[in-house]
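Q: coords-v2.txt is reproduced below (compact mmCIF, C-alpha atoms).
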```txt
# COMPACT_ATOMS: atom_id res chain seq x y z
CA MET A 1 0.00 0.00 0.00
CA LYS A 2 2.78 2.40 0.99
CA ARG A 3 4.66 1.42 -2.13
CA LYS A 4 1.61 2.12 -4.27
CA THR A 5 1.01 5.53 -2.70
CA ALA A 6 4.61 6.50 -3.33
CA LEU A 7 4.43 5.28 -6.91
CA TYR A 8 1.29 7.28 -7.68
CA GLY A 9 2.83 10.34 -6.05
CA LEU A 10 5.84 9.94 -8.27
CA LEU A 11 3.77 9.60 -11.45
CA VAL A 12 1.56 12.60 -10.65
CA ALA A 13 4.64 14.67 -9.79
CA LEU A 14 6.27 13.69 -13.08
CA ALA A 15 3.18 14.62 -15.11
CA PHE A 16 2.95 17.89 -13.14
CA ILE A 17 6.59 18.78 -13.84
CA PHE A 18 6.12 17.98 -17.53
CA SER A 19 3.15 20.37 -17.68
CA TYR A 20 5.24 23.02 -15.95
CA LEU A 21 8.17 22.57 -18.34
CA GLU A 22 5.79 22.87 -21.25
CA SER A 23 4.31 26.10 -19.93
CA LEU A 24 7.86 27.48 -19.70
CA LEU A 25 8.67 26.54 -23.29
CA PRO A 26 5.56 27.23 -25.33
CA LEU A 27 5.74 25.75 -28.80
CA SER A 28 4.89 28.97 -30.57
CA ILE A 29 4.61 28.24 -34.25
CA GLY A 30 1.87 30.72 -35.04
CA ILE A 31 -1.02 28.41 -34.26
CA PRO A 32 -2.77 28.75 -30.91
CA GLY A 33 -3.27 25.92 -28.49
CA ILE A 34 -0.69 23.47 -29.77
CA LYS A 35 1.42 21.67 -27.20
CA LEU A 36 3.58 18.60 -27.26
CA GLY A 37 1.58 17.04 -24.44
CA LEU A 38 4.50 15.67 -22.45
CA ALA A 39 2.21 15.00 -19.48
CA ASN A 40 0.31 12.55 -21.66
CA LEU A 41 3.44 10.41 -21.86
CA VAL A 42 3.02 9.70 -18.15
CA VAL A 43 -0.72 9.03 -18.48
CA LEU A 44 -0.12 6.74 -21.47
CA LEU A 45 2.57 4.70 -19.74
CA THR A 46 0.45 4.50 -16.58
CA LEU A 47 -2.40 3.06 -18.68
CA TYR A 48 -0.13 0.30 -19.94
CA LEU A 49 1.72 -0.42 -16.71
CA LEU A 50 -0.95 0.02 -14.02
CA GLY A 51 -4.31 -0.02 -15.81
CA ASP A 52 -7.13 2.25 -17.00
CA GLY A 53 -8.23 3.57 -13.60
CA SER A 54 -4.69 4.49 -12.59
CA GLY A 55 -4.21 6.38 -15.84
CA LEU A 56 -7.40 8.34 -15.18
CA ALA A 57 -6.32 9.11 -11.62
CA VAL A 58 -2.94 10.47 -12.76
CA ALA A 59 -4.59 12.51 -15.53
CA LEU A 60 -7.20 14.07 -13.22
CA LEU A 61 -4.75 14.84 -10.40
CA ARG A 62 -2.32 16.38 -12.86
CA ILE A 63 -5.07 18.60 -14.32
CA PHE A 64 -6.23 19.77 -10.88
CA LEU A 65 -2.71 20.51 -9.68
CA THR A 66 -1.69 22.31 -12.85
CA GLY A 67 -4.94 24.28 -12.93
CA LEU A 68 -4.56 25.37 -9.31
CA THR A 69 -0.90 26.25 -9.61
CA PHE A 70 -0.40 27.82 -13.02
CA GLY A 71 -3.88 28.25 -14.47
CA ASN A 72 -7.39 29.35 -13.72
CA PRO A 73 -10.80 27.61 -13.56
CA THR A 74 -11.41 28.21 -17.28
CA MET A 75 -8.16 26.53 -18.22
CA MET A 76 -9.02 23.64 -15.94
CA VAL A 77 -12.32 23.05 -17.77
CA TYR A 78 -10.48 22.96 -21.10
CA SER A 79 -7.85 20.62 -19.74
CA LEU A 80 -10.54 18.37 -18.28
CA ALA A 81 -12.42 18.18 -21.59
CA GLY A 82 -9.26 17.30 -23.49
CA GLY A 83 -7.92 15.00 -20.80
CA LEU A 84 -11.11 12.98 -20.30
CA LEU A 85 -11.82 12.51 -24.01
CA SER A 86 -8.18 11.63 -24.62
CA TRP A 87 -8.19 9.10 -21.77
CA GLY A 88 -11.43 7.51 -23.03
CA MET A 89 -10.13 7.17 -26.58
CA MET A 90 -6.79 5.76 -25.42
CA VAL A 91 -8.56 3.15 -23.28
CA LEU A 92 -10.83 2.14 -26.19
CA CYS A 93 -7.96 1.98 -28.67
CA ARG A 94 -5.78 -0.05 -26.33
CA ARG A 95 -8.60 -2.48 -25.55
CA CYS A 96 -9.58 -3.08 -29.18
CA GLY A 97 -6.13 -4.47 -29.89
CA ALA A 98 -5.60 -3.07 -33.37
CA PHE A 99 -3.11 -0.42 -32.32
CA SER A 100 0.39 -0.31 -30.88
CA ILE A 101 1.23 2.14 -28.11
CA ALA A 102 2.13 4.69 -30.83
CA GLY A 103 -1.36 4.45 -32.35
CA VAL A 104 -2.96 4.75 -28.92
CA SER A 105 -0.86 7.87 -28.30
CA ILE A 106 -1.95 9.39 -31.62
CA ALA A 107 -5.60 8.66 -30.81
CA GLY A 108 -5.04 10.38 -27.46
CA GLY A 109 -3.38 13.44 -28.99
CA VAL A 110 -6.00 13.92 -31.68
CA SER A 111 -8.97 13.41 -29.34
CA HIS A 112 -7.43 15.76 -26.76
CA ASN A 113 -7.45 18.52 -29.38
CA ILE A 114 -11.00 17.66 -30.49
CA GLY A 115 -12.22 17.80 -26.87
CA GLN A 116 -10.68 21.22 -26.26
CA LEU A 117 -12.01 22.59 -29.53
CA ALA A 118 -15.51 21.33 -28.77
CA ILE A 119 -15.48 23.10 -25.40
CA ALA A 120 -14.11 26.27 -27.02
CA ALA A 121 -16.91 26.18 -29.62
CA ALA A 122 -19.55 25.69 -26.92
CA ALA A 123 -18.11 28.23 -24.46
CA THR A 124 -17.60 31.07 -26.93
CA GLY A 125 -20.70 30.27 -28.98
CA THR A 126 -18.69 30.41 -32.21
CA PRO A 127 -19.06 27.25 -34.30
CA GLN A 128 -16.68 28.96 -36.76
CA ILE A 129 -13.90 27.55 -34.64
CA VAL A 130 -14.27 24.49 -36.84
CA TRP A 131 -11.69 26.32 -38.98
CA TYR A 132 -9.05 25.25 -36.47
CA LEU A 133 -10.01 21.60 -36.69
CA PRO A 134 -7.86 20.54 -39.69
CA VAL A 135 -4.76 22.13 -38.14
CA LEU A 136 -5.48 20.67 -34.72
CA LEU A 137 -6.08 17.20 -36.18
CA LEU A 138 -2.68 17.26 -37.89
CA ALA A 139 -1.07 18.72 -34.77
CA GLY A 140 -2.55 15.91 -32.67
CA LEU A 141 -1.21 13.40 -35.17
CA LEU A 142 2.28 14.87 -34.93
CA THR A 143 2.48 15.40 -31.18
CA GLY A 144 0.74 12.08 -30.47
CA GLY A 145 3.22 10.37 -32.77
CA LEU A 146 6.21 11.94 -30.98
CA ILE A 147 4.87 11.00 -27.55
CA GLY A 148 4.06 7.54 -28.91
CA ALA A 149 7.62 7.12 -30.18
CA ALA A 150 8.97 8.01 -26.74
CA ALA A 151 6.49 5.66 -25.02
CA ARG A 152 7.50 2.86 -27.37
CA LEU A 153 11.09 3.14 -26.21
CA LEU A 154 10.19 3.50 -22.54
CA LEU A 155 7.59 0.73 -22.17
CA PRO A 156 9.82 -2.38 -22.47
CA PRO A 157 12.41 -1.33 -19.85
CA LEU A 158 9.67 -0.09 -17.50
CA LYS A 159 7.85 -3.42 -17.83
CA LYS A 160 11.04 -5.25 -16.92
CA ILE A 161 11.47 -3.49 -13.59
CA ARG A 162 7.84 -4.41 -12.69
CA ILE A 163 6.80 -1.23 -10.94
CA MET B 1 9.54 -6.50 -29.95
CA ASP B 2 6.14 -7.44 -28.59
CA LYS B 3 2.81 -6.42 -30.03
CA LEU B 4 2.39 -3.48 -27.66
CA THR B 5 5.30 -1.57 -29.13
CA HIS B 6 5.49 -2.95 -32.66
CA TRP B 7 3.84 -0.79 -35.33
CA ARG B 8 0.52 -2.37 -36.33
CA TRP B 9 -1.95 -2.10 -39.20
CA GLY B 10 -4.37 -0.16 -37.05
CA ASP B 11 -1.76 2.55 -36.52
CA THR B 12 -1.28 3.03 -40.26
CA LEU B 13 -5.04 3.16 -40.75
CA LEU B 14 -5.40 5.73 -37.96
CA VAL B 15 -2.68 8.00 -39.38
CA ILE B 16 -4.23 7.88 -42.85
CA ALA B 17 -7.75 8.45 -41.50
CA VAL B 18 -6.74 11.51 -39.45
CA ALA B 19 -4.69 12.99 -42.31
CA VAL B 20 -7.50 12.46 -44.84
CA ALA B 21 -10.08 13.92 -42.44
CA ALA B 22 -7.92 16.99 -41.81
CA LEU B 23 -7.13 17.64 -45.48
CA GLY B 24 -10.70 16.90 -46.56
CA LEU B 25 -12.14 19.25 -43.98
CA TRP B 26 -9.66 21.95 -44.90
CA ALA B 27 -10.51 21.57 -48.61
CA VAL B 28 -14.26 21.75 -47.94
CA LEU B 29 -13.89 24.80 -45.70
CA SER B 30 -11.63 26.58 -48.21
CA LEU B 31 -13.94 25.89 -51.14
CA CYS B 32 -16.98 27.12 -49.26
CA ALA B 33 -15.22 30.18 -47.91
CA GLN B 34 -15.55 33.61 -49.41
CA THR B 35 -13.78 36.78 -48.46
CA GLY B 36 -15.69 38.42 -45.64
CA SER B 37 -17.11 41.92 -45.63
CA THR B 38 -17.33 42.84 -41.96
CA VAL B 39 -15.71 42.05 -38.66
CA THR B 40 -17.81 41.31 -35.60
CA VAL B 41 -16.28 41.56 -32.14
CA THR B 42 -17.96 40.02 -29.10
CA VAL B 43 -17.03 40.17 -25.43
CA ASP B 44 -18.43 37.49 -23.12
CA ASN B 45 -20.86 36.46 -25.91
CA GLU B 46 -22.26 40.03 -26.09
CA PRO B 47 -21.83 42.03 -29.32
CA PHE B 48 -19.12 44.65 -28.82
CA ALA B 49 -18.57 46.17 -32.26
CA THR B 50 -18.98 45.57 -35.98
CA LEU B 51 -16.49 47.11 -38.43
CA PRO B 52 -16.20 47.03 -42.23
CA LEU B 53 -13.28 44.94 -43.47
CA SER B 54 -12.66 47.32 -46.37
CA GLN B 55 -11.60 50.22 -44.16
CA ASP B 56 -8.24 50.27 -42.36
CA ALA B 57 -8.77 50.85 -38.64
CA THR B 58 -7.48 50.11 -35.16
CA MET B 59 -9.62 49.59 -32.09
CA GLU B 60 -9.19 48.84 -28.39
CA ILE B 61 -11.40 45.98 -27.26
CA ALA B 62 -12.35 46.13 -23.58
CA GLY B 63 -12.41 42.45 -22.69
CA ILE B 64 -13.03 40.80 -19.34
CA GLY B 65 -9.99 41.68 -17.24
CA GLY B 66 -7.93 43.29 -19.98
CA THR B 67 -7.78 44.80 -23.43
CA ASN B 68 -6.90 43.59 -26.90
CA THR B 69 -5.92 45.86 -29.78
CA LEU B 70 -7.48 45.01 -33.11
CA GLU B 71 -6.14 46.20 -36.45
CA ILE B 72 -7.77 46.09 -39.86
CA ALA B 73 -5.34 46.54 -42.75
CA ASP B 74 -5.55 45.57 -46.42
CA GLY B 75 -8.80 43.70 -45.87
CA THR B 76 -7.47 41.48 -43.10
CA VAL B 77 -7.88 41.55 -39.32
CA ARG B 78 -5.41 40.74 -36.60
CA ILE B 79 -4.82 41.39 -32.93
CA THR B 80 -1.68 43.49 -32.56
CA ALA B 81 -1.49 43.67 -28.78
CA ALA B 82 -3.08 42.11 -25.72
CA ASP B 83 -2.32 42.12 -22.00
CA CYS B 84 -3.42 38.54 -21.41
CA PRO B 85 -0.83 36.10 -20.05
CA ASP B 86 -0.55 33.81 -23.08
CA GLY B 87 -0.81 36.23 -26.01
CA ILE B 88 -2.14 33.46 -28.23
CA CYS B 89 -4.43 35.84 -30.11
CA VAL B 90 -1.47 38.10 -30.97
CA HIS B 91 0.40 35.18 -32.54
CA HIS B 92 -2.63 34.25 -34.62
CA ARG B 93 -2.20 35.03 -38.30
CA ALA B 94 -4.34 37.76 -39.91
CA ILE B 95 -7.77 36.53 -41.04
CA CYS B 96 -9.99 37.64 -43.92
CA ARG B 97 -12.33 34.81 -44.93
CA ALA B 98 -15.95 34.59 -43.82
CA GLY B 99 -16.25 32.38 -40.78
CA GLU B 100 -12.65 32.69 -39.62
CA SER B 101 -12.14 33.97 -36.12
CA ILE B 102 -9.51 34.92 -33.57
CA ILE B 103 -10.34 34.14 -29.97
CA CYS B 104 -8.86 35.40 -26.74
CA LEU B 105 -10.08 32.99 -24.07
CA PRO B 106 -8.75 34.85 -21.00
CA HIS B 107 -10.58 38.06 -21.97
CA ARG B 108 -13.54 36.18 -23.52
CA VAL B 109 -13.10 38.15 -26.72
CA THR B 110 -13.96 36.78 -30.16
CA VAL B 111 -13.20 38.48 -33.46
CA THR B 112 -15.07 36.91 -36.37
CA VAL B 113 -15.10 37.76 -40.06
CA MET B 114 -18.65 37.78 -41.35
CA GLY B 115 -19.37 37.06 -44.97
CA GLY B 116 -21.65 37.87 -47.83
CA SER B 117 -23.75 40.96 -47.57
CA ALA B 118 -22.51 44.07 -45.81
CA ALA B 119 -25.51 44.18 -43.51
CA VAL B 120 -24.73 42.16 -40.42
CA ASP B 121 -26.68 42.36 -37.25
CA GLY B 122 -25.38 41.52 -33.82
CA GLU B 123 -27.10 38.13 -33.63
CA VAL B 124 -24.65 35.58 -32.24
```
Represent the structure from my file as structure tokens, please.

A:
Amino acid sequence: MKRKTALYGLLVALAFIFSYLESLLPLSIGIPGIKLGLANLVVLLTLYLLGDGSGLAVALLRIFLTGLTFGNPTMMVYSLAGGLLSWGMMVLCRRCGAFSIAGVSIAGGVSHNIGQLAIAAAATGTPQIVWYLPVLLLAGLLTGGLIGAAARLLLPPLKKIRI
Amino acid sequence: MDKLTHWRWGDTLLVIAVAVAALGLWAVLSLCAQTGSTVTVTVDNEPFATLPLSQDATMEIAGIGGTNTLEIADGTVRITAADCPDGICVHHRAICRAGESIICLPHRVTVTVMGGSAAVDGEV
């Protein structure tokens, strides 16, 4: 039990630090709202190593901590929308068995962006935001692929140490 | 090595599907789009101002908790300055097509290009 508590603390802290690092180094390439999603690397690996519920717990705790520390309630709602949809899609894609961890990561990245865009469209009452969708889909593909590539390298050694 | 990390057919399918969806959507939106005629600004979902796109102008937008500076030049709109923490709207490229918009979430400001006829009412 103690071991488990410490492990979860470690994972949440890691995801939290990744979010912080990302807020320090915004990927400004002229398109709003695009991030690498380093924190999702932790959620993704937690899904594979400890299960669906654990992944959700790490994702939610990370969002609450980041929102309280660096953000505001509005940001937290956006993060929650992206995070929950992303978690749901990653769980489905992992369960269905047709994807490797890279594919699951891509599904997570793309659905995270769709979730945030949907909330933005609803909150601002501007369905015109759909203009962003093509760019955000491709961005999710790219960032999800990068995170997936990292997860692919990290999963085998992490499995071996049986955390 | 094992099937969790090895690239699988589903991954290829997913990449193709997302890329096709993105490009298809972009093509459809571009084909349907026409150059807009006016710019509508809203703050917290309330109409704030409507300006013609044909006339060069600058305007201060009093958003929630801060201001954004809007500039119309050569038939395009952009946000040139904002005192929000992220400045995402300032980095957004200039827009000109009907339906395109720039959004500042912290200040709850939206800037949308409206299309077609010059007469646009404040209906959101």

Q: As a VMD selection string, please: the residues near region 133-138 of chain A (cut-off 9 Å, all atoms listed in the file, same-chain neighbours under 2 positions excluded).

A: (chain A and resid 31 33 to 34 109 to 111 113 to 114 117 129 to 131 140 to 143) or (chain B and resid 18 to 19 21 to 26)

Q: Which residue is closest to chain B? Choose from A:Gly88, A:Arg62, A:Ala39, A:Ser23 and count all atoms listed in the file.

A: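 The answer is A:Ser23, which sits nearest to chain B.
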
Q: Counting all atoms listed in the file, which residues from chain A have an atom at most 10 Å from any atom of chain B, and could you show them as a PyMOL selection string?

A: chain A and resi 23+26+28-33+48+72+74-75+93-94+96-107+110+120+123-142+145+148-149+151-156

Q: Under the rule that all atoms listed in the file are counted, which of B:Val77, B:Val41, B:Leu31, B:Ala82 is the nearest residue to Ala57 (chain B)?

A: B:Val77

Q: Have a look at B:Leu51, B:Met114, B:Ala33, B:Cys96 and name the one nearest to Asp74 (chain B); count all atoms listed in the file.

A: B:Cys96

Q: Take the point (-5.9, 39.6, -39.7) as written in the file and pick out every residue within 8 Å of it, counting only C-alpha atoms; give the list as a PyMOL selection string.

A: chain B and resi 71-73+75-79+93-96

Q: Hey, what's within 6 Å of Gly108 (chain A) if we count all atoms listed in the file and toss same-chain stuff fewer than 4 positions away? As a list in words, please?

A: Ser86, Met90 and His112 of chain A

Q: What's around Gly66 (chain B) at 7 Å? Count only C-alpha atoms, leave out sequence neighbours fewer than 6 positions away in its own chain, and write the answer as a VMD selection string.

A: chain B and resid 83 to 84 107

Q: Could you tell me how far CA of Phe16 (chain A) sits from CA of Gly71 (chain A), in Å to one decimal place?

A: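 We find that CA of Gly71 (chain A) and CA of Phe16 (chain A) lie 12.5 Å from each other.
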
Q: Would you please work out which residue, of B:Ile61, B:Leu70, B:Pro52, B:Thr80, is nearest to Val39 (chain B) when using all atoms listed in the file?

A: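 So, comparing all the options, the nearest one is B:Pro52.
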
Q: Quote the spacing between CA of Asn68 (chain B) and CA of Glu46 (chain B) in Å to one decimal place.

A: 15.8 Å

Q: Write out as an MDAnalysis selection string each polymer residue whose atoms come within 10 Å of Leu80 (chain A), counting only C-alpha atoms; drop sequence neighbours fewer than 4 positions from it.

A: chainID A and resid 59:60 63:64 67 74:76 84:86 112 115:116 119

Q: Grab the CA of Val42 (chain A) to CA of Phe18 (chain A) distance for me, in Å with one decimal place.

A: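 CA of Phe18 (chain A) lies at a distance of 8.9 Å from CA of Val42 (chain A).
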
Q: With a distance cut-off of 8 Å and only C-alpha atoms, select the neighbouring residues of Leu36 (chain A), excluding the residue or stretch itself and same-chain residues fewer than 4 positions from it, and output the selection as a compact mmCIF listing (two decimals) with C-alpha atoms, keeping the file's coordinate frame.

A:
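Saved result, selection-v8.txt, follows:
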```txt
# COMPACT_ATOMS: atom_id res chain seq x y z
CA GLU A 22 5.79 22.87 -21.25
CA LEU A 27 5.74 25.75 -28.80
CA THR A 143 2.48 15.40 -31.18
CA GLY A 144 0.74 12.08 -30.47
CA ILE A 147 4.87 11.00 -27.55
```

Q: Could you complete region 20-31 of chain B so that it carries all heavy atoms, and give it back as a PDB file, in the frame of the given file?

A:
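Result file out-v2.pdb:
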```pdb
ATOM      1  N   VAL B  20      -6.462  12.269 -43.814  1.00  0.00           N
ATOM      2  CA  VAL B  20      -7.500  12.460 -44.840  1.00  0.00           C
ATOM      3  C   VAL B  20      -8.617  13.356 -44.289  1.00  0.00           C
ATOM      4  O   VAL B  20      -9.083  14.276 -44.967  1.00  0.00           O
ATOM      5  CB  VAL B  20      -8.056  11.095 -45.305  1.00  0.00           C
ATOM      6  CG1 VAL B  20      -9.344  11.273 -46.093  1.00  0.00           C
ATOM      7  CG2 VAL B  20      -7.017  10.367 -46.145  1.00  0.00           C
ATOM      8  N   ALA B  21      -9.015  13.107 -43.040  1.00  0.00           N
ATOM      9  CA  ALA B  21     -10.080  13.920 -42.440  1.00  0.00           C
ATOM     10  C   ALA B  21      -9.653  15.382 -42.369  1.00  0.00           C
ATOM     11  O   ALA B  21     -10.427  16.284 -42.712  1.00  0.00           O
ATOM     12  CB  ALA B  21     -10.402  13.393 -41.036  1.00  0.00           C
ATOM     13  N   ALA B  22      -8.409  15.622 -41.957  1.00  0.00           N
ATOM     14  CA  ALA B  22      -7.920  16.990 -41.810  1.00  0.00           C
ATOM     15  C   ALA B  22      -7.863  17.687 -43.172  1.00  0.00           C
ATOM     16  O   ALA B  22      -8.363  18.810 -43.331  1.00  0.00           O
ATOM     17  CB  ALA B  22      -6.545  16.990 -41.155  1.00  0.00           C
ATOM     18  N   LEU B  23      -7.262  17.022 -44.158  1.00  0.00           N
ATOM     19  CA  LEU B  23      -7.130  17.640 -45.480  1.00  0.00           C
ATOM     20  C   LEU B  23      -8.497  17.820 -46.135  1.00  0.00           C
ATOM     21  O   LEU B  23      -8.757  18.843 -46.760  1.00  0.00           O
ATOM     22  CB  LEU B  23      -6.207  16.786 -46.370  1.00  0.00           C
ATOM     23  CG  LEU B  23      -4.744  16.745 -45.923  1.00  0.00           C
ATOM     24  CD1 LEU B  23      -3.915  15.834 -46.817  1.00  0.00           C
ATOM     25  CD2 LEU B  23      -4.143  18.156 -45.915  1.00  0.00           C
ATOM     26  N   GLY B  24      -9.363  16.824 -45.985  1.00  0.00           N
ATOM     27  CA  GLY B  24     -10.700  16.900 -46.560  1.00  0.00           C
ATOM     28  C   GLY B  24     -11.491  18.067 -45.986  1.00  0.00           C
ATOM     29  O   GLY B  24     -12.094  18.853 -46.710  1.00  0.00           O
ATOM     30  N   LEU B  25     -11.422  18.176 -44.667  1.00  0.00           N
ATOM     31  CA  LEU B  25     -12.140  19.250 -43.980  1.00  0.00           C
ATOM     32  C   LEU B  25     -11.615  20.615 -44.406  1.00  0.00           C
ATOM     33  O   LEU B  25     -12.379  21.551 -44.664  1.00  0.00           O
ATOM     34  CB  LEU B  25     -11.995  19.072 -42.467  1.00  0.00           C
ATOM     35  CG  LEU B  25     -12.893  19.920 -41.582  1.00  0.00           C
ATOM     36  CD1 LEU B  25     -14.344  19.575 -41.810  1.00  0.00           C
ATOM     37  CD2 LEU B  25     -12.538  19.708 -40.117  1.00  0.00           C
ATOM     38  N   TRP B  26     -10.282  20.686 -44.498  1.00  0.00           N
ATOM     39  CA  TRP B  26      -9.660  21.950 -44.900  1.00  0.00           C
ATOM     40  C   TRP B  26     -10.085  22.321 -46.319  1.00  0.00           C
ATOM     41  O   TRP B  26     -10.411  23.471 -46.605  1.00  0.00           O
ATOM     42  CB  TRP B  26      -8.134  21.816 -44.814  1.00  0.00           C
ATOM     43  CG  TRP B  26      -7.417  23.041 -45.253  1.00  0.00           C
ATOM     44  CD1 TRP B  26      -7.274  24.203 -44.556  1.00  0.00           C
ATOM     45  CD2 TRP B  26      -6.766  23.245 -46.515  1.00  0.00           C
ATOM     46  NE1 TRP B  26      -6.566  25.114 -45.308  1.00  0.00           N
ATOM     47  CE2 TRP B  26      -6.239  24.543 -46.501  1.00  0.00           C
ATOM     48  CE3 TRP B  26      -6.583  22.438 -47.636  1.00  0.00           C
ATOM     49  CZ2 TRP B  26      -5.540  25.058 -47.580  1.00  0.00           C
ATOM     50  CZ3 TRP B  26      -5.880  22.956 -48.715  1.00  0.00           C
ATOM     51  CH2 TRP B  26      -5.376  24.253 -48.680  1.00  0.00           C
ATOM     52  N   ALA B  27     -10.115  21.324 -47.223  1.00  0.00           N
ATOM     53  CA  ALA B  27     -10.510  21.570 -48.610  1.00  0.00           C
ATOM     54  C   ALA B  27     -11.954  22.051 -48.677  1.00  0.00           C
ATOM     55  O   ALA B  27     -12.259  23.031 -49.361  1.00  0.00           O
ATOM     56  CB  ALA B  27     -10.336  20.294 -49.434  1.00  0.00           C
ATOM     57  N   VAL B  28     -12.838  21.378 -47.939  1.00  0.00           N
ATOM     58  CA  VAL B  28     -14.260  21.750 -47.940  1.00  0.00           C
ATOM     59  C   VAL B  28     -14.436  23.174 -47.410  1.00  0.00           C
ATOM     60  O   VAL B  28     -15.130  24.000 -48.004  1.00  0.00           O
ATOM     61  CB  VAL B  28     -15.084  20.748 -47.107  1.00  0.00           C
ATOM     62  CG1 VAL B  28     -16.484  21.274 -46.854  1.00  0.00           C
ATOM     63  CG2 VAL B  28     -15.140  19.402 -47.815  1.00  0.00           C
ATOM     64  N   LEU B  29     -13.758  23.471 -46.293  1.00  0.00           N
ATOM     65  CA  LEU B  29     -13.890  24.800 -45.700  1.00  0.00           C
ATOM     66  C   LEU B  29     -13.359  25.876 -46.646  1.00  0.00           C
ATOM     67  O   LEU B  29     -13.959  26.942 -46.790  1.00  0.00           O
ATOM     68  CB  LEU B  29     -13.121  24.860 -44.370  1.00  0.00           C
ATOM     69  CG  LEU B  29     -13.762  24.135 -43.193  1.00  0.00           C
ATOM     70  CD1 LEU B  29     -12.805  24.075 -42.017  1.00  0.00           C
ATOM     71  CD2 LEU B  29     -15.049  24.824 -42.779  1.00  0.00           C
ATOM     72  N   SER B  30     -12.230  25.592 -47.312  1.00  0.00           N
ATOM     73  CA  SER B  30     -11.630  26.580 -48.210  1.00  0.00           C
ATOM     74  C   SER B  30     -12.510  26.822 -49.421  1.00  0.00           C
ATOM     75  O   SER B  30     -12.648  27.960 -49.883  1.00  0.00           O
ATOM     76  CB  SER B  30     -10.252  26.099 -48.675  1.00  0.00           C
ATOM     77  OG  SER B  30      -9.408  25.983 -47.586  1.00  0.00           O
ATOM     78  N   LEU B  31     -13.095  25.744 -49.955  1.00  0.00           N
ATOM     79  CA  LEU B  31     -13.940  25.890 -51.140  1.00  0.00           C
ATOM     80  C   LEU B  31     -15.194  26.683 -50.827  1.00  0.00           C
ATOM     81  O   LEU B  31     -15.653  27.475 -51.642  1.00  0.00           O
ATOM     82  CB  LEU B  31     -14.325  24.505 -51.684  1.00  0.00           C
ATOM     83  CG  LEU B  31     -13.235  23.767 -52.461  1.00  0.00           C
ATOM     84  CD1 LEU B  31     -13.700  22.376 -52.858  1.00  0.00           C
ATOM     85  CD2 LEU B  31     -12.838  24.551 -53.707  1.00  0.00           C
TER      86      LEU B  31
END
```
